[in-house]
Amino acid sequence: LGQMPNDANLLQFRSLVYFRKGDYQRSALDAYEAVKYGAIWNTATINDLYANPEFYKRELRLLRLDEATDQSVAFLSAYHHLVAGELNRGRQSLQHVIAFKPDDQISVALINLIDTRQGKNTTDQLAKASR
């Protein structure tokens with residue numbers, strides 16, 4: 001990241017490391033930057049990184065419990081719901097972000113993409129369109 005600070009994949013990987021450690025603030029910062037610079041990972045990528053995909057789903061459920069308390073955690077929750085292909089949950093989490101910070105252009109853009117593409121495209125296509 002020192003040499004390629006705008007690399008979305010590197011940012012997402014570091015975000016995932018922070019996520020696993022329970023450092024949601026730092027994880028959210030990297031996820032937010034990753035969305036600005038490139039495509040969001042998909043479920044297949046996460047499944048390749050986790051030996052047991054059910055463990056990721058359990059972590060995501062734990063993250064949901066914290067999302068209402070903080071803008072960063074709400075964005076992180078939205079990001080992971082989009083990765084997991086849960087567009088409705090992702091949209092709900094993004095609405096929490098906008099409640100904290102109405103002028104968050106990334107979150108507003110992601111909601112608009114979800115609204116225009118829901119049911120028509122995969123998460124991969126949604127992520128590509130967010131660039």
# chains A, B, ... in the order shown; residues from 1 in each chain; ligands from 1
call {"tool": "closest_atom_pairs", "arguments": {"of": "segment 68-92 of chain A", "to": "segment 39-56 of chain A", "cutoff": "8 Å", "atoms": "only C-alpha atoms", "output": "tab-separated table"}}
result
residue	atom	partner	partner_atom	distance
A:Tyr79	CA	A:Ile40	CA	7.9
A:Leu82	CA	A:Asn42	CA	7.8
A:Val83	CA	A:Asn42	CA	4.7
A:Ala84	CA	A:Thr43	CA	5.1
A:Gly85	CA	A:Thr43	CA	6.9
call {"tool": "select_by_dssp", "arguments": {"residues": "chain A", "states": "helix (DSSP H, G or I)", "output": "MDAnalysis selection string"}}
result
chainID A and resid 8:21 24:37 43:49 53:69 71:83 87:100 105:117 123:129
call {"tool": "residues_around", "arguments": {"residues": "Ala31 of chain A", "least_positions_apart": "2", "cutoff": "6 Å", "atoms": "only C-alpha atoms", "output": "short mmCIF file (atom, residue, chain, number, x, y, z; two decimals) with N, CA, C and O atoms, in the first residue's frame"}}
result
data_model
loop_
_atom_site.label_atom_id
_atom_site.label_comp_id
_atom_site.auth_asym_id
_atom_site.auth_seq_id
_atom_site.Cartn_x
_atom_site.Cartn_y
_atom_site.Cartn_z
N GLN A 12 -8.86 -3.57 0.26
CA GLN A 12 -9.88 -4.52 0.73
C GLN A 12 -9.25 -5.64 1.55
O GLN A 12 -9.83 -6.08 2.54
N SER A 15 -8.45 -4.18 4.85
CA SER A 15 -9.73 -3.99 5.54
C SER A 15 -10.22 -5.30 6.13
O SER A 15 -10.72 -5.34 7.27
N ALA A 28 -13.24 -0.10 8.25
CA ALA A 28 -14.18 0.76 7.51
C ALA A 28 -13.44 1.80 6.67
O ALA A 28 -13.82 2.06 5.53
N LEU A 29 -12.38 2.38 7.22
CA LEU A 29 -11.63 3.37 6.46
C LEU A 29 -11.06 2.77 5.18
O LEU A 29 -11.14 3.37 4.10
N GLU A 33 -12.17 3.61 1.22
CA GLU A 33 -11.19 3.99 0.20
C GLU A 33 -11.21 3.00 -0.96
O GLU A 33 -11.10 3.42 -2.12
N ALA A 34 -11.35 1.73 -0.68
CA ALA A 34 -11.38 0.71 -1.74
C ALA A 34 -12.54 0.95 -2.69
O ALA A 34 -12.38 0.84 -3.92
#
call {"tool": "closest_residue", "arguments": {"among": "A:Arg20, A:Ala78, A:Asp30, A:Val35", "to": "Glu59 of chain A", "atoms": "only C-alpha atoms"}}
result
A:Arg20
call {"tool": "closest_residue", "arguments": {"among": "A:Ser77, A:Gln71, A:Thr116, A:Ser27", "to": "Ile98 of chain A", "atoms": "only C-alpha atoms"}}
result
A:Gln71
call {"tool": "closest_residue", "arguments": {"among": "A:Asp115, A:Glu86, A:Glu67, A:Asp7", "to": "Tyr37 of chain A", "atoms": "only C-alpha atoms"}}
result
A:Asp7
call {"tool": "atom_distance", "arguments": {"atom1": "atom CA of Gln92 of chain A", "atom2": "atom CA of His80 of chain A"}}
result
12.2 Å
call {"tool": "atom_distance", "arguments": {"atom1": "atom CA of Leu62 of chain A", "atom2": "atom CA of Pro5 of chain A"}}
result
29.1 Å
call {"tool": "residues_around", "arguments": {"residues": "Tyr24 of chain A", "least_positions_apart": "2", "cutoff": "8 Å", "atoms": "only C-alpha atoms", "output": "PyMOL selection string"}}
result
chain A and resi 18-19+22+26-28+72-73+76
